[in-house]
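First the structure, in the form of structure tokens, and then the observations on it.
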Amino acid sequence: MTIANREHFLTNIASRLGRSPSKEKPKRIWKYNPQAMVLKDYSQDELVQVLVKQCANIHTAVMTCTVEELPHTFQKAMESYGNGTGIYSKDPRFGDMGLTSLLTLNPALHEWDYEKGNANIKMAEQANIGIVISDITLAESGTIVVQTSKDNGRTLSYLPSNSIAIIPKSTIVPRMTQAAQQLRANPVTASSIHFITGPSNSADIEMKLVVGVHGPIRMTYLIVEGI
């Protein structure tokens, strides 16, 4: 993965050590790659079924729809959490999905605006629902990948009481192996990359489940066909 200022940083270290920087990284040829074989030959539809099954294990609700049905399905998901205040990322993909009017015409929903600074965090803290779009989705673990930026703050996905994650079907991959490959092949300038697996679930030493300590109490995945 490309890292900002990495080459300048490494060149400076090599200079201090009195040698020229290495231009080629060593190749590591592994004899066995079992991680690449898990769900290897699954079709996209089969991966959806794996994801849906895993969501039952991580206490996550799932709704599936086409891109045309998404506005109606999105409204149903909002209603399941009692509507109320919400906050969503500033993401042009919402427009591609036909959700712009639903989001912008609802006075209870707020778009993340980096120019408002800490006011965004306050809104997320008070919001009933946080709305994000998954960049990559791991079927095996039921994990969404969210890349944060000035238009997509980290607090969107963990401060609101409930969370709705829109999952384009095309983003679903078998597991972490393929997600890492995608991130290496398509370097991003995100401030951070977050792997989120359903609502917040913690357990104490007696293995008693505690929900909502480090994130939303409830979560819904909307899997969307056609995108």
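Each chain in the structure tokens gets a letter, A, B and so on, in the order shown; residues start at 1 in every chain, and ligands are counted from 1 in the order they appear.
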
Q. Contacts of Asp91 in chain A at 9 Å or less, counting only C-alpha atoms, minus same-chain residues fewer than 3 places along, as a PyMOL selection string?
A. chain A and resi 88+94-95+132-133+151-152

Q. Leaving out Ala108 in chain A and any residue of its chain fewer than 3 positions from it, which residues lie within 12 Å of it when counting only C-alpha atoms, given as a list in words?
A.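 After dropping sequence-adjacent residues, the list is Met78, Asn83, Gly84, Thr85, Gly86, Ile87, Tyr88, Leu102, Leu103, Thr104, Leu105, Glu111, Met123, Gln126, Ala127, Asn128, Ile129 and Gly130 of chain A.
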
Q | Who sits within 12 Å of Thr11 in chain A, only C-alpha atoms, same chain under 6 positions skipped, as a list in words | A |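 Returned residues: Asn5, Leu17, Gly18, Arg19, Ser20, Pro21, Ser22 and Lys23 of chain A.
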
Can I get the selected residues back with N, CA and C atoms, as a short mmCIF file (atom, residue, chain, number, x, y, z; two decimals), in the first residue's frame?
data_model
loop_
_atom_site.label_atom_id
_atom_site.label_comp_id
_atom_site.auth_asym_id
_atom_site.auth_seq_id
_atom_site.Cartn_x
_atom_site.Cartn_y
_atom_site.Cartn_z
N ASN A 5 4.53 10.15 1.85
CA ASN A 5 5.89 10.54 2.26
C ASN A 5 6.79 9.36 2.63
N LEU A 17 22.33 6.39 7.33
CA LEU A 17 23.10 5.15 7.50
C LEU A 17 24.27 5.06 6.53
N GLY A 18 24.38 6.05 5.65
CA GLY A 18 25.50 6.09 4.72
C GLY A 18 25.40 5.13 3.57
N ARG A 19 24.19 4.82 3.14
CA ARG A 19 24.02 3.93 1.98
C ARG A 19 22.86 4.41 1.14
N SER A 20 22.79 3.90 -0.09
CA SER A 20 21.70 4.28 -0.98
C SER A 20 20.46 3.46 -0.63
N PRO A 21 19.28 4.04 -0.82
CA PRO A 21 18.05 3.31 -0.49
C PRO A 21 17.81 2.12 -1.41
N SER A 22 17.23 1.06 -0.87
CA SER A 22 16.91 -0.11 -1.67
C SER A 22 15.74 0.22 -2.60
N LYS A 23 15.89 -0.13 -3.86
CA LYS A 23 14.85 0.18 -4.85
C LYS A 23 13.89 -0.98 -5.08
#

Q. If you count only C-alpha atoms, which residues fall within 9 Å of Asn120 in chain A, apart from same-chain ones fewer than 4 positions away, as JSON, numbers by chain?
A. {"A": [87, 110, 111, 112, 113, 114, 116, 124, 125, 153, 155, 156]}

Could you turn the residues from that selection into a file that holds C-alpha atoms, as a PDB file, in the first residue's frame?
ATOM      1  CA  ILE A  87     -26.068  11.516  10.379  1.00  0.00           C
ATOM      2  CA  HIS A 110     -27.508  15.679   8.881  1.00  0.00           C
ATOM      3  CA  GLU A 111     -24.747  15.361   6.308  1.00  0.00           C
ATOM      4  CA  TRP A 112     -21.195  15.225   7.663  1.00  0.00           C
ATOM      5  CA  ASP A 113     -19.543  18.582   6.933  1.00  0.00           C
ATOM      6  CA  TYR A 114     -15.866  18.843   7.811  1.00  0.00           C
ATOM      7  CA  LYS A 116     -18.306  22.355  10.960  1.00  0.00           C
ATOM      8  CA  ALA A 124     -23.114  11.923  15.804  1.00  0.00           C
ATOM      9  CA  GLU A 125     -23.173  11.627  19.586  1.00  0.00           C
ATOM     10  CA  GLY A 153     -15.737  10.852   9.879  1.00  0.00           C
ATOM     11  CA  THR A 155     -17.679   8.872  14.624  1.00  0.00           C
ATOM     12  CA  LEU A 156     -20.380   8.249  11.999  1.00  0.00           C
TER      13      LEU A 156
END

Q: Enumerate, as an NGL selection string, the complete set of residues in chain A that a backbone-based DSSP assignment places in strand (DSSP E or B).
A: :A and (61-66 or 86-88 or 109-111 or 129-133 or 136-138 or 143-149 or 152 or 162-168 or 172-173 or 192-196 or 201-203 or 209-211 or 218-225)

Per residue of range 47-131 of chain A within 12 Å of range 190-214 of chain A, which atom pair is closest and at what distance in Å (one decimal), using only C-alpha atoms, listed by chain and increasing number, as JSON lines?
{"residue": "A:Leu51", "atom": "CA", "partner": "A:Thr197", "partner_atom": "CA", "distance": 11.1}
{"residue": "A:Val52", "atom": "CA", "partner": "A:Gly198", "partner_atom": "CA", "distance": 11.8}
{"residue": "A:Gln54", "atom": "CA", "partner": "A:Gly198", "partner_atom": "CA", "distance": 10.0}
{"residue": "A:Cys55", "atom": "CA", "partner": "A:Gly198", "partner_atom": "CA", "distance": 7.5}
{"residue": "A:Ala56", "atom": "CA", "partner": "A:Gly198", "partner_atom": "CA", "distance": 9.9}
{"residue": "A:Asn57", "atom": "CA", "partner": "A:Gly198", "partner_atom": "CA", "distance": 9.5}
{"residue": "A:Ile58", "atom": "CA", "partner": "A:Gly198", "partner_atom": "CA", "distance": 5.9}
{"residue": "A:His59", "atom": "CA", "partner": "A:Gly198", "partner_atom": "CA", "distance": 6.8}
{"residue": "A:Thr60", "atom": "CA", "partner": "A:Gly198", "partner_atom": "CA", "distance": 5.6}
{"residue": "A:Ala61", "atom": "CA", "partner": "A:Gly198", "partner_atom": "CA", "distance": 8.9}
{"residue": "A:Val62", "atom": "CA", "partner": "A:Gly198", "partner_atom": "CA", "distance": 10.5}
{"residue": "A:Gly130", "atom": "CA", "partner": "A:Pro199", "partner_atom": "CA", "distance": 11.8}

Q. For Thr73 in chain A, which residue out of A:Met37, A:Met97, A:Leu109, A:Lys90 is the nearest one, using only C-alpha atoms?
A.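 Closest to Thr73 in chain A of all the choices is A:Met97.
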
Q | All alpha helix (DSSP H) residues (DSSP, backbone) inside chain A, as a PyMOL selection string | A | chain A and resi 6-16+44-57+70-80+93-96+100-104+118-126+176-185

(Q) Show me, as a list of chain:residue names, the residues that have an atom within 8 Å of Met63 in chain A when counting only C-alpha atoms, minus same-chain residues fewer than 2 positions from it. (A)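 Final neighbour list, sorted by chain and number: A:Ala61, A:Cys65, A:Thr73, A:Thr220, A:Tyr221, A:Leu222, A:Ile223.
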
So that I have them on file, write out the residues from the current selection with N, CA and C atoms, as a PDB file, in the first residue's frame.
ATOM      1  N   ALA A  61     -29.021  -7.347  11.670  1.00  0.00           N
ATOM      2  CA  ALA A  61     -30.169  -7.528  10.778  1.00  0.00           C
ATOM      3  C   ALA A  61     -29.722  -7.345   9.334  1.00  0.00           C
ATOM      4  N   CYS A  65     -32.191  -5.965  -1.390  1.00  0.00           N
ATOM      5  CA  CYS A  65     -33.056  -5.257  -2.338  1.00  0.00           C
ATOM      6  C   CYS A  65     -32.274  -4.945  -3.602  1.00  0.00           C
ATOM      7  N   THR A  73     -36.571   0.350   0.917  1.00  0.00           N
ATOM      8  CA  THR A  73     -35.947  -0.521   1.916  1.00  0.00           C
ATOM      9  C   THR A  73     -35.218   0.303   2.967  1.00  0.00           C
ATOM     10  N   THR A 220     -27.925  -2.708  10.986  1.00  0.00           N
ATOM     11  CA  THR A 220     -28.611  -3.327   9.850  1.00  0.00           C
ATOM     12  C   THR A 220     -27.749  -3.189   8.609  1.00  0.00           C
ATOM     13  N   TYR A 221     -27.604  -4.291   7.879  1.00  0.00           N
ATOM     14  CA  TYR A 221     -26.919  -4.276   6.589  1.00  0.00           C
ATOM     15  C   TYR A 221     -27.968  -4.277   5.483  1.00  0.00           C
ATOM     16  N   LEU A 222     -27.867  -3.360   4.547  1.00  0.00           N
ATOM     17  CA  LEU A 222     -28.720  -3.348   3.359  1.00  0.00           C
ATOM     18  C   LEU A 222     -27.879  -3.804   2.172  1.00  0.00           C
ATOM     19  N   ILE A 223     -28.099  -5.031   1.725  1.00  0.00           N
ATOM     20  CA  ILE A 223     -27.344  -5.580   0.593  1.00  0.00           C
ATOM     21  C   ILE A 223     -28.084  -5.219  -0.691  1.00  0.00           C
TER      22      ILE A 223
END

(Q) Residues within 9 Å of Pro71 in chain A, please, as an NGL selection string. Count only C-alpha atoms; anything in the same chain fewer than 4 positions from it doesn't count. (A) :A and (67 or 75-76 or 97-99 or 102)

Q | Minimum-distance residue to Ser43 in chain A, chosen among A:Gly226, A:Ala139, A:Ile121, A:Arg184 (using only C-alpha atoms) | A |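 Selected residue with least distance to Ser43 in chain A: A:Ala139.
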
Q: Go ahead and compute the interatomic distance for CA of Met219 in chain A and CA of Thr189 in chain A, in Å to one decimal.
A: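 Between CA of Met219 in chain A and CA of Thr189 in chain A the gap works out to 26.9 Å.
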
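Distance check against Asp135 in chain A using only C-alpha atoms: of A:Lys25, A:Lys53, A:Lys169, A:Arg16, the minimum falls on A:Lys169.
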
Q) What is the distance, in Å and to one decimal place, between CA of Lys27 in chain A and CA of Lys40 in chain A? A) 23.8 Å

Q.
Between A:Leu47, A:Ile136, A:Leu70, A:Ala185, which residue has the minimum interatomic distance to Glu225 in chain A, considering only C-alpha atoms?
A. A:Leu70
